[in-house]
>>> print(open('data.txt').read())   # compact mmCIF, C-alpha atoms and all ligand atoms
# COMPACT_ATOMS: atom_id res chain seq x y z
CA MET A 40 20.94 95.82 115.73
CA HIS A 41 20.62 94.57 119.32
CA SER A 42 17.35 94.38 121.25
CA ALA A 43 16.51 95.05 124.89
CA ILE A 44 13.43 95.28 127.10
CA THR A 45 12.51 98.94 127.68
CA GLY A 46 9.03 98.67 129.22
CA TRP A 47 6.93 96.16 131.13
CA GLY A 48 3.47 95.81 132.63
CA LYS A 49 0.99 93.33 134.06
CA PHE A 50 -2.68 93.01 134.79
CA VAL A 51 -4.50 90.34 136.78
CA PRO A 52 -8.25 90.12 137.42
CA GLU A 53 -9.51 91.08 140.88
CA ARG A 54 -11.31 87.85 141.79
CA ILE A 55 -9.23 85.40 143.83
CA LEU A 56 -9.96 81.66 143.81
CA SER A 57 -8.24 80.16 146.85
CA ASN A 58 -7.45 76.55 147.68
CA ALA A 59 -10.17 76.77 150.34
CA ASP A 60 -12.67 77.76 147.61
CA LEU A 61 -11.57 74.76 145.52
CA GLU A 62 -12.03 72.46 148.55
CA ARG A 63 -15.72 73.37 148.34
CA MET A 64 -15.90 72.65 144.58
CA VAL A 65 -13.99 69.36 144.11
CA GLU A 66 -12.53 66.61 146.30
CA THR A 67 -9.18 68.22 147.07
CA SER A 68 -7.37 69.87 149.95
CA ASP A 69 -5.14 72.87 150.51
CA GLU A 70 -2.50 70.43 151.78
CA TRP A 71 -2.59 68.36 148.54
CA ILE A 72 -2.45 71.40 146.26
CA VAL A 73 0.35 73.15 148.17
CA SER A 74 2.50 70.05 148.61
CA ARG A 75 2.10 68.88 144.96
CA THR A 76 2.22 72.27 143.22
CA GLY A 77 3.07 75.17 145.59
CA ILE A 78 -0.09 77.03 144.47
CA ARG A 79 -2.25 78.78 147.11
CA GLU A 80 -4.55 80.95 145.00
CA ARG A 81 -5.20 82.08 141.43
CA ARG A 82 -7.03 84.98 139.71
CA ILE A 83 -10.21 84.45 137.71
CA SER A 84 -11.52 86.85 135.06
CA ALA A 85 -15.11 88.08 135.00
CA PRO A 86 -17.52 86.69 132.35
CA ASP A 87 -17.54 90.07 130.57
CA GLN A 88 -13.75 90.48 130.75
CA PRO A 89 -12.20 88.76 127.71
CA SER A 90 -8.46 88.23 127.24
CA SER A 91 -8.10 91.39 125.12
CA HIS A 92 -9.13 93.54 128.12
CA LEU A 93 -6.35 92.08 130.28
CA ALA A 94 -3.87 92.35 127.41
CA ILE A 95 -4.70 96.00 126.69
CA ALA A 96 -4.28 96.93 130.38
CA ALA A 97 -0.87 95.22 130.55
CA GLY A 98 0.15 96.72 127.19
CA ARG A 99 -0.78 100.26 128.31
CA GLN A 100 1.39 99.87 131.40
CA ALA A 101 4.32 98.65 129.31
CA LEU A 102 4.01 101.65 126.95
CA GLU A 103 3.90 104.07 129.89
CA CYS A 104 6.90 102.38 131.50
CA ALA A 105 8.90 102.69 128.26
CA GLY A 106 7.81 106.31 127.78
CA LEU A 107 6.32 105.44 124.39
CA GLN A 108 3.06 106.17 122.57
CA ALA A 109 1.04 103.39 120.90
CA SER A 110 1.94 105.06 117.59
CA ASP A 111 5.63 104.27 118.25
CA LEU A 112 4.98 100.52 118.05
CA GLY A 113 6.16 98.72 114.93
CA LEU A 114 4.53 95.39 115.78
CA ILE A 115 2.29 93.78 118.39
CA ILE A 116 2.53 90.06 119.19
CA VAL A 117 -0.09 88.55 121.49
CA CYS A 118 0.81 85.10 122.82
CA THR A 119 -2.26 83.16 123.94
CA VAL A 120 -4.26 79.94 123.69
CA THR A 121 -7.36 81.65 125.08
CA GLY A 122 -7.87 84.59 122.76
CA ASP A 123 -11.22 86.36 122.49
CA TYR A 124 -12.15 84.47 119.30
CA THR A 125 -10.78 81.67 117.12
CA PHE A 126 -10.34 84.54 114.69
CA PRO A 127 -9.69 87.41 114.34
CA ALA A 128 -6.48 87.44 116.33
CA THR A 129 -6.65 89.00 119.79
CA ALA A 130 -3.65 91.06 118.64
CA ASN A 131 -5.96 92.93 116.22
CA LEU A 132 -8.25 93.88 119.11
CA VAL A 133 -5.28 94.93 121.24
CA GLN A 134 -3.88 97.07 118.40
CA ASP A 135 -7.21 98.90 118.14
CA GLY A 136 -7.68 99.14 121.91
CA LEU A 137 -4.25 100.72 122.37
CA GLY A 138 -4.74 103.06 119.41
CA ALA A 139 -1.70 101.64 117.58
CA HIS A 140 -1.37 101.56 113.79
CA CYS A 141 1.11 98.72 113.38
CA PRO A 142 0.74 95.12 112.23
CA ALA A 143 -0.39 92.67 114.89
CA PHE A 144 -0.63 88.90 115.12
CA ASP A 145 -1.24 86.14 117.63
CA LEU A 146 1.37 83.51 118.40
CA GLN A 147 0.41 80.17 119.88
CA ALA A 148 2.99 78.09 121.71
CA ALA A 149 0.94 77.37 124.86
CA CYS A 150 2.90 78.17 128.04
CA ALA A 151 6.09 78.74 126.04
CA GLY A 152 4.24 81.41 124.00
CA TRP A 153 5.66 84.57 125.52
CA ILE A 154 9.28 83.42 125.23
CA TYR A 155 8.55 82.38 121.62
CA GLY A 156 7.05 85.86 121.15
CA LEU A 157 10.07 87.67 122.58
CA ILE A 158 12.42 85.66 120.36
CA THR A 159 10.23 86.48 117.34
CA ALA A 160 10.25 90.18 118.26
CA HIS A 161 14.04 90.02 118.50
CA GLN A 162 14.21 88.85 114.85
CA PHE A 163 12.11 91.83 113.66
CA ILE A 164 14.41 94.20 115.52
CA ALA A 165 17.63 92.47 114.43
CA THR A 166 16.60 92.81 110.77
CA GLY A 167 15.64 96.46 111.19
CA THR A 168 11.96 95.75 110.40
CA ALA A 169 10.66 97.20 113.69
CA ARG A 170 12.12 99.45 116.41
CA HIS A 171 9.63 98.77 119.20
CA VAL A 172 7.66 95.52 119.51
CA LEU A 173 5.00 94.96 122.17
CA VAL A 174 4.92 91.31 123.26
CA ILE A 175 2.00 90.32 125.46
CA GLY A 176 1.29 86.99 127.14
CA VAL A 177 -2.36 86.70 128.13
CA GLU A 178 -4.52 83.80 129.24
CA GLU A 179 -7.95 83.12 130.64
CA LEU A 180 -7.56 79.42 131.25
CA SER A 181 -10.46 79.57 133.71
CA LYS A 182 -12.71 79.74 130.65
CA ILE A 183 -11.53 76.40 129.24
CA VAL A 184 -10.90 74.46 132.46
CA ASP A 185 -13.42 71.96 133.82
CA TYR A 186 -14.15 72.95 137.43
CA THR A 187 -15.29 69.39 138.18
CA ASP A 188 -11.87 67.95 137.19
CA ARG A 189 -9.63 68.23 140.25
CA ALA A 190 -6.55 67.14 138.27
CA THR A 191 -6.56 70.34 136.18
CA CYS A 192 -8.77 72.98 137.82
CA VAL A 193 -6.45 73.54 140.77
CA LEU A 194 -3.52 74.41 138.51
CA PHE A 195 -4.55 77.28 136.27
CA GLY A 196 -5.34 80.98 136.55
CA ASP A 197 -5.85 84.13 134.46
CA GLY A 198 -3.66 87.16 133.81
CA ALA A 199 -1.60 89.19 131.38
CA GLY A 200 2.01 90.35 131.24
CA ALA A 201 3.71 92.52 128.63
CA ALA A 202 7.09 93.81 127.62
CA ILE A 203 8.36 96.16 124.94
CA LEU A 204 11.43 94.98 123.12
CA SER A 205 13.26 97.88 121.49
CA ALA A 206 16.23 98.37 119.19
CA SER A 207 19.24 99.05 121.36
CA GLU A 208 22.94 99.92 121.09
CA GLU A 209 23.62 97.58 124.01
CA PRO A 210 22.80 93.88 123.71
CA GLY A 211 19.85 92.78 125.87
CA ILE A 212 18.91 89.42 124.41
CA LEU A 213 22.11 87.38 124.30
CA GLY A 214 20.99 83.84 123.51
CA PHE A 215 17.86 81.77 123.03
CA THR A 216 16.47 78.41 122.04
CA MET A 217 13.06 77.11 120.96
CA GLY A 218 11.79 73.58 120.53
CA SER A 219 8.80 71.51 119.47
CA ASP A 220 7.80 67.87 119.84
CA GLY A 221 4.36 67.44 118.31
CA ALA A 222 4.28 63.65 118.43
CA ARG A 223 1.97 63.54 121.45
CA PRO A 224 -0.39 66.54 121.38
CA GLU A 225 -2.87 64.68 123.61
CA GLN A 226 -0.53 65.04 126.60
CA LEU A 227 -1.85 68.57 127.03
CA TYR A 228 -4.64 69.90 124.82
CA ARG A 229 -8.20 71.00 124.37
CA PRO A 230 -9.68 68.35 122.07
CA ALA A 231 -12.73 70.23 120.70
CA GLY A 232 -13.04 73.68 119.20
CA GLY A 233 -10.69 73.35 116.25
CA SER A 234 -11.02 71.69 112.85
CA CYS A 235 -10.31 68.22 114.27
CA ILE A 236 -13.35 68.15 116.55
CA PRO A 237 -15.45 71.22 115.75
CA ILE A 238 -17.91 72.63 118.26
CA THR A 239 -21.26 71.10 117.33
CA LYS A 240 -24.40 70.24 119.26
CA ASP A 241 -22.73 66.89 120.03
CA THR A 242 -19.62 68.41 121.57
CA VAL A 243 -21.15 71.30 123.51
CA GLY A 244 -21.18 70.50 127.21
CA THR A 245 -18.87 67.49 126.86
CA SER A 246 -15.45 67.23 128.47
CA ALA A 247 -13.87 67.54 125.00
CA THR A 248 -14.28 71.32 125.21
CA TYR A 249 -12.06 71.51 128.29
CA VAL A 250 -8.32 71.23 128.94
CA HIS A 251 -7.09 67.63 129.07
CA MET A 252 -3.73 66.83 130.57
CA MET A 253 -1.63 63.75 131.24
CA GLY A 254 -0.12 65.37 134.34
CA SER A 255 2.69 62.96 135.13
CA GLU A 256 3.84 62.80 131.47
CA VAL A 257 3.96 66.61 131.28
CA PHE A 258 5.73 66.66 134.64
CA LYS A 259 8.48 64.29 133.41
CA PHE A 260 8.93 66.26 130.17
CA ALA A 261 9.05 69.57 132.05
CA THR A 262 11.66 68.49 134.60
CA ARG A 263 13.87 67.24 131.75
CA ILE A 264 13.48 70.17 129.36
CA MET A 265 13.71 73.19 131.73
CA GLY A 266 17.38 72.68 132.56
CA SER A 267 18.52 71.58 129.10
CA ALA A 268 16.74 74.44 127.27
CA MET A 269 18.23 77.00 129.66
CA GLU A 270 21.70 75.50 129.11
CA GLU A 271 21.28 75.80 125.31
CA ALA A 272 20.34 79.48 125.54
CA LEU A 273 23.29 80.12 127.86
CA VAL A 274 25.71 78.48 125.39
CA MET A 275 24.46 80.76 122.59
CA ALA A 276 24.93 83.73 124.94
CA GLY A 277 28.48 82.65 125.79
CA LEU A 278 27.49 82.30 129.45
CA THR A 279 27.38 79.48 131.97
CA ARG A 280 24.78 78.69 134.64
CA HIS A 281 27.05 80.42 137.19
CA ASP A 282 26.59 83.73 135.36
CA ILE A 283 22.82 83.81 135.97
CA ASP A 284 21.82 86.51 138.48
CA LEU A 285 18.10 85.73 138.35
CA PHE A 286 16.30 82.73 136.91
CA ILE A 287 12.63 83.29 136.00
CA PRO A 288 11.13 79.92 135.11
CA HIS A 289 7.62 79.13 133.88
CA GLN A 290 5.36 79.19 136.94
CA ALA A 291 3.57 75.83 136.60
CA ASN A 292 4.62 73.78 139.58
CA LEU A 293 7.12 74.41 142.39
CA ARG A 294 8.45 70.85 142.15
CA ILE A 295 9.25 71.33 138.44
CA ILE A 296 11.05 74.60 139.28
CA GLU A 297 13.02 72.87 142.05
CA ALA A 298 14.12 70.14 139.61
CA ALA A 299 15.37 72.84 137.19
CA MET A 300 17.18 74.66 140.03
CA LYS A 301 18.92 71.43 140.96
CA ARG A 302 20.00 70.73 137.38
CA LEU A 303 21.26 74.31 136.96
CA GLU A 304 22.78 74.35 140.48
CA LEU A 305 20.96 77.58 141.33
CA PRO A 306 20.37 78.63 144.96
CA PRO A 307 16.83 79.79 145.92
CA GLU A 308 17.90 83.46 146.09
CA LYS A 309 18.64 83.36 142.34
CA VAL A 310 15.19 81.99 141.42
CA PHE A 311 11.97 83.98 141.18
CA VAL A 312 8.74 82.22 142.15
CA ASN A 313 5.26 83.76 142.45
CA LEU A 314 3.07 80.81 141.45
CA GLU A 315 1.60 80.63 144.95
CA LYS A 316 -0.42 83.78 144.09
CA TYR A 317 -1.44 83.11 140.48
CA GLY A 318 -1.14 79.40 139.67
CA ASN A 319 -0.16 78.59 136.11
CA THR A 320 -1.17 81.49 133.87
CA SER A 321 0.45 79.85 130.83
CA SER A 322 1.98 82.41 128.47
CA ALA A 323 1.33 85.23 130.97
CA ALA A 324 3.31 83.57 133.77
CA ILE A 325 6.85 84.70 132.91
CA PRO A 326 6.05 88.33 131.99
CA ILE A 327 3.97 88.69 135.19
CA ALA A 328 6.88 87.19 137.18
CA LEU A 329 9.34 89.52 135.41
CA CYS A 330 7.25 92.57 136.42
CA GLU A 331 7.07 91.42 140.03
CA ALA A 332 10.79 90.67 140.17
CA ILE A 333 11.45 94.26 139.01
CA GLU A 334 8.89 95.67 141.51
CA GLN A 335 10.64 93.76 144.31
CA GLY A 336 14.08 95.11 143.35
CA ARG A 337 15.33 91.65 142.35
CA ILE A 338 16.67 92.89 138.98
CA GLN A 339 19.41 95.53 138.63
CA THR A 340 20.99 97.03 135.50
CA GLY A 341 23.65 94.67 134.18
CA ASN A 342 22.10 91.53 135.72
CA ARG A 343 21.97 88.43 133.59
CA ILE A 344 18.51 86.90 133.50
CA GLY A 345 17.56 83.38 132.45
CA MET A 346 13.96 82.65 131.45
CA VAL A 347 12.61 79.25 130.38
CA ALA A 348 9.14 77.90 129.64
CA PHE A 349 7.50 74.65 128.53
CA GLY A 350 3.97 73.70 127.65
CA GLY A 351 1.43 72.15 125.34
CA GLY A 352 2.65 71.14 121.93
CA LEU A 353 4.82 69.98 123.44
CA SER A 354 6.84 73.17 123.12
CA TRP A 355 9.61 74.91 125.01
CA ALA A 356 11.77 78.03 124.79
CA ALA A 357 14.48 79.81 126.77
CA ILE A 358 16.21 83.19 126.71
CA ALA A 359 19.41 84.44 128.33
CA MET A 360 19.50 88.22 128.55
CA ARG A 361 21.35 91.13 130.08
CA TRP A 362 19.14 93.67 131.84
CA THR A 363 19.87 97.11 130.35
CA ALA A 364 16.94 99.19 131.68
N1 LIG B 401 -6.58 66.97 144.87
C1 LIG B 401 -6.43 65.76 145.43
N2 LIG B 401 -6.01 64.69 144.76
C2 LIG B 401 -5.71 64.85 143.46
C3 LIG B 401 -5.86 66.08 142.79
C4 LIG B 401 -6.31 67.18 143.55
N3 LIG B 401 -6.47 68.41 143.04
N4 LIG B 401 -5.49 65.93 141.52
C5 LIG B 401 -5.12 64.65 141.36
N5 LIG B 401 -5.26 64.00 142.53
C6 LIG B 401 -5.00 62.59 142.84
C7 LIG B 401 -5.02 61.73 141.59
O1 LIG B 401 -6.34 61.35 141.27
C8 LIG B 401 -4.18 60.56 142.05
O2 LIG B 401 -4.99 59.70 142.82
P1 LIG B 401 -4.87 58.10 142.65
O3 LIG B 401 -3.43 57.79 143.02
O4 LIG B 401 -5.88 57.61 143.63
O5 LIG B 401 -5.18 57.84 141.22
C9 LIG B 401 -3.17 61.18 142.98
O6 LIG B 401 -3.69 62.47 143.35
C10 LIG B 401 -1.79 61.37 142.38
O7 LIG B 401 -1.94 61.95 141.11
P2 LIG B 401 -0.70 62.28 140.22
O8 LIG B 401 -1.18 62.82 138.90
O9 LIG B 401 0.26 61.13 140.23
O10 LIG B 401 -0.04 63.45 141.08
P3 LIG B 401 1.32 64.18 140.79
O11 LIG B 401 2.17 64.10 141.98
O12 LIG B 401 1.89 63.80 139.46
O13 LIG B 401 0.84 65.68 140.67
C11 LIG B 401 0.29 67.31 139.00
C12 LIG B 401 -0.13 66.03 139.70
C13 LIG B 401 0.39 68.41 140.04
C14 LIG B 401 -0.77 67.67 137.97
C15 LIG B 401 1.66 67.09 138.33
O14 LIG B 401 1.64 65.92 137.56
C16 LIG B 401 2.06 68.24 137.45
O15 LIG B 401 2.27 69.34 137.91
N6 LIG B 401 2.24 67.99 136.15
C17 LIG B 401 2.66 69.03 135.21
C18 LIG B 401 1.46 69.83 134.88
C19 LIG B 401 1.81 71.12 134.17
O16 LIG B 401 2.78 71.77 134.50
N7 LIG B 401 0.95 71.48 133.24
C20 LIG B 401 1.01 72.72 132.60
C21 LIG B 401 1.96 72.75 131.47
S1 LIG B 401 2.02 74.31 130.79
C22 LIG B 401 0.78 74.58 129.57
O17 LIG B 401 1.04 74.49 128.38
C23 LIG B 401 -0.58 74.97 130.00
>>> encode(input="data.txt", output="structure tokens", more="lines below")
Ligand code: ACO
Amino acid sequence: MHSAITGWGKFVPERILSNADLERMVETSDEWIVSRTGIRERRISAPDQPSSHLAIAAGRQALECAGLQASDLGLIIVCTVTGDYTFPATANLVQDGLGAHCPAFDLQAACAGWIYGLITAHQFIATGTARHVLVIGVEELSKIVDYTDRATCVLFGDGAGAAILSASEEPGILGFTMGSDGARPEQLYRPAGGSCIPITKDTVGTSATYVHMMGSEVFKFATRIMGSAMEEALVMAGLTRHDIDLFIPHQANLRIIEAAMKRLELPPEKVFVNLEKYGNTSSAAIPIALCEAIEQGRIQTGNRIGMVAFGGGLSWAAIAMRWTA
């Protein structure tokens, strides 16, 4: 059985944190942030607005778009590194919030999470185990970022994006790849909060509870992996880079996207970028960008879409698909 996207939705918190706001919080400038990253503003969730709230709102929209009820879902996958709790899974809360009765689990592959999730959903559909799978990418990185660390706090934002992958006569997902290199987790991680460095009275309030990143190392990895992962997915799909109608890359840094465009020889009109509005929303970035590309009429039936993400792990994933909706 083939699989194709039949519904999509997004939700971002109301509060905007602009570069001008950040200039008042840390020693930075709008000029530095825009020239190094392309980001102008990001959304920040309210203290009483956990990730599950964003995820449920995006999931509801995706169901409505697909013309489905929550009871039609065969599986829910929530991709996040900033779930409501260490456990239970945020997916359990989303299942209840939507009124679904299906199994639900979280998937953690940092910024590559949603592409990992979509590929996982494809396997459930290909084997006939599920007919409709809701895949949500949701993050509230604002809740684990240190707003005194200018090297990380300017980059990240909050949001949720969702898609429903359904069994289909026509092939939607054509090719994919996933990868992992766990040799250097400290390049991008949150040291405390797991079983390695548990939260104790000694760790509370220390920088160990925040995101740590070796920015230039991640930058080098990202510029290398974006193009090669996309190429691998295209080979599996039997396509070449010239067949791509729209490329939706992970929205982390405009310079990383430009490096991937160069490697894939893609002109700007074939690349979707919205990071100036949201910053890096990790696993939510690509599904939010997908929704906005559709809203802006950038995707037509029959188009071939390339999506590629990289992130902590280090991990990466890419999908080549044909738009059938
Ligand atoms: N404002 C002003 N100056 C800053 C800021 C800031 N916000 N942040 C860092 N600087 C300074 C640094 O301190 C450094 O100063 P120094 O030379 O006096 O030491 C200088 O700017 C240059 O710093 P670099 O780190 O070399 O800057 P670079 O050009 O590499 O850009 C950046 C930094 C934007 C973080 C880049 O490395 C990057 O985008 N890396 C990839 C990050 C990424 O994509 N992470 C997410 C992965 S996805 C996931 O899983 C969450």
>>> residues_around(input="data.txt", residues="Ala276 (chain A)", least_positions_apart="5", cutoff="12 Å", atoms="only C-alpha atoms", output="PyMOL selection string")
chain A and resi 210-216+269-271+282-283+343-345+357-361
>>> closest_atom_pairs(input="data.txt", of="chain A", to="ligand LIG 401 (chain B)", cutoff="6 Å", atoms="all atoms listed in the file", output="Markdown table")
| residue | atom | partner | partner_atom | distance |
| --- | --- | --- | --- | --- |
| A:Thr67 | CA | B:LIG401 | N1 | 3.6 |
| A:Ser68 | CA | B:LIG401 | N1 | 5.9 |
| A:Trp71 | CA | B:LIG401 | C1 | 5.6 |
| A:Ile72 | CA | B:LIG401 | N3 | 6.0 |
| A:Arg75 | CA | B:LIG401 | C13 | 5.2 |
| A:Thr76 | CA | B:LIG401 | C13 | 5.3 |
| A:Ala149 | CA | B:LIG401 | O17 | 4.5 |
| A:Cys150 | CA | B:LIG401 | O17 | 4.1 |
| A:Arg189 | CA | B:LIG401 | N3 | 4.2 |
| A:Ala190 | CA | B:LIG401 | N4 | 3.6 |
| A:Val193 | CA | B:LIG401 | N3 | 5.6 |
| A:Gly254 | CA | B:LIG401 | O14 | 3.7 |
| A:Ser255 | CA | B:LIG401 | O14 | 4.0 |
| A:Val257 | CA | B:LIG401 | C17 | 4.8 |
| A:Phe258 | CA | B:LIG401 | C17 | 3.9 |
| A:Ala291 | CA | B:LIG401 | O16 | 4.6 |
| A:Asn292 | CA | B:LIG401 | O15 | 5.3 |
| A:Ser321 | CA | B:LIG401 | C23 | 5.1 |
| A:Phe349 | CA | B:LIG401 | S1 | 5.9 |
| A:Gly350 | CA | B:LIG401 | O17 | 3.1 |
| A:Gly351 | CA | B:LIG401 | O17 | 3.9 |
>>> write_last_selection(input="data.txt", atoms="C-alpha atoms", output="CSV table (one decimal), in the coordinates of the input")
chain,number,residue,atom,x,y,z
A,67,THR,CA,-9.2,68.2,147.1
A,68,SER,CA,-7.4,69.9,150.0
A,71,TRP,CA,-2.6,68.4,148.5
A,72,ILE,CA,-2.4,71.4,146.3
A,75,ARG,CA,2.1,68.9,145.0
A,76,THR,CA,2.2,72.3,143.2
A,149,ALA,CA,0.9,77.4,124.9
A,150,CYS,CA,2.9,78.2,128.0
A,189,ARG,CA,-9.6,68.2,140.2
A,190,ALA,CA,-6.6,67.1,138.3
A,193,VAL,CA,-6.4,73.5,140.8
A,254,GLY,CA,-0.1,65.4,134.3
A,255,SER,CA,2.7,63.0,135.1
A,257,VAL,CA,4.0,66.6,131.3
A,258,PHE,CA,5.7,66.7,134.6
A,291,ALA,CA,3.6,75.8,136.6
A,292,ASN,CA,4.6,73.8,139.6
A,321,SER,CA,0.4,79.8,130.8
A,349,PHE,CA,7.5,74.6,128.5
A,350,GLY,CA,4.0,73.7,127.6
A,351,GLY,CA,1.4,72.2,125.3
>>> residues_near_point(input="data.txt", point="(-8.4, 90.3, 125.2)", cutoff="12 Å", atoms="all atoms listed in the file", output="PyMOL selection string")
chain A and resi 50+84+87-98+117-124+127-137+145+175-179+197-199
>>> residues_around(input="data.txt", residues="Ile287 (chain A)", least_positions_apart="4", cutoff="10 Å", atoms="all atoms listed in the file", output="list of chain:residue names")
A:Ile296, A:Lys309, A:Val310, A:Phe311, A:Val312, A:Asn313, A:Ala324, A:Ile325, A:Pro326, A:Ala328, A:Leu329, A:Ala332, A:Ile344, A:Gly345, A:Met346, A:Val347, A:Ala348, A:Ile358
>>> closest_residue(input="data.txt", among="A:Pro142, A:Ala299, A:Val243, A:Phe286", to="Lys259 (chain A)", atoms="all atoms listed in the file")
A:Ala299
>>> residues_near_point(input="data.txt", point="(-1.2, 78.7, 134.0)", cutoff="7 Å", atoms="only C-alpha atoms", output="list in words")
Leu180, Leu194, Phe195, Gly196, Ala291, Gly318, Asn319, Thr320, Ser321 and Ala324 of chain A
>>> closest_residue(input="data.txt", among="A:Thr340, A:Leu56, A:Ala85, A:Leu285", to="Ala43 (chain A)", atoms="all atoms listed in the file")
A:Thr340
>>> atom_distance(input="data.txt", atom1="CA of His251 (chain A)", atom2="CA of Pro230 (chain A)")
7.5 Å
>>> residues_around(input="data.txt", residues="Glu209 (chain A)", least_positions_apart="4", cutoff="9 Å", atoms="only C-alpha atoms", output="list in words")
Met40, His41, Ser42, Ala43 and Thr363 of chain A
>>> atom_distance(input="data.txt", atom1="CA of Leu114 (chain A)", atom2="CA of Val172 (chain A)")
4.9 Å
>>> residues_around(input="data.txt", residues="Ser205 (chain A)", least_positions_apart="4", cutoff="9 Å", atoms="all atoms listed in the file", output="ChimeraX atom specification")
/A:41-46,160-161,164,169-173
>>> write_last_selection(input="data.txt", atoms="C-alpha atoms", output="mmCIF file, in the frame of the given file")
data_model
loop_
_atom_site.group_PDB
_atom_site.id
_atom_site.type_symbol
_atom_site.label_atom_id
_atom_site.label_comp_id
_atom_site.auth_asym_id
_atom_site.auth_seq_id
_atom_site.Cartn_x
_atom_site.Cartn_y
_atom_site.Cartn_z
ATOM 1 C CA HIS A 41 20.620 94.570 119.320
ATOM 2 C CA SER A 42 17.350 94.380 121.250
ATOM 3 C CA ALA A 43 16.510 95.050 124.890
ATOM 4 C CA ILE A 44 13.430 95.280 127.100
ATOM 5 C CA THR A 45 12.510 98.940 127.680
ATOM 6 C CA GLY A 46 9.030 98.670 129.220
ATOM 7 C CA ALA A 160 10.250 90.180 118.260
ATOM 8 C CA HIS A 161 14.040 90.020 118.500
ATOM 9 C CA ILE A 164 14.410 94.200 115.520
ATOM 10 C CA ALA A 169 10.660 97.200 113.690
ATOM 11 C CA ARG A 170 12.120 99.450 116.410
ATOM 12 C CA HIS A 171 9.630 98.770 119.200
ATOM 13 C CA VAL A 172 7.660 95.520 119.510
ATOM 14 C CA LEU A 173 5.000 94.960 122.170
#
>>> atom_distance(input="data.txt", atom1="CA of Pro224 (chain A)", atom2="CA of Gly352 (chain A)")
5.5 Å
>>> residues_around(input="data.txt", residues="region 138-140 of chain A", least_positions_apart="5", cutoff="9 Å", atoms="only C-alpha atoms", output="NGL selection string")
:A and (108-115 or 133)
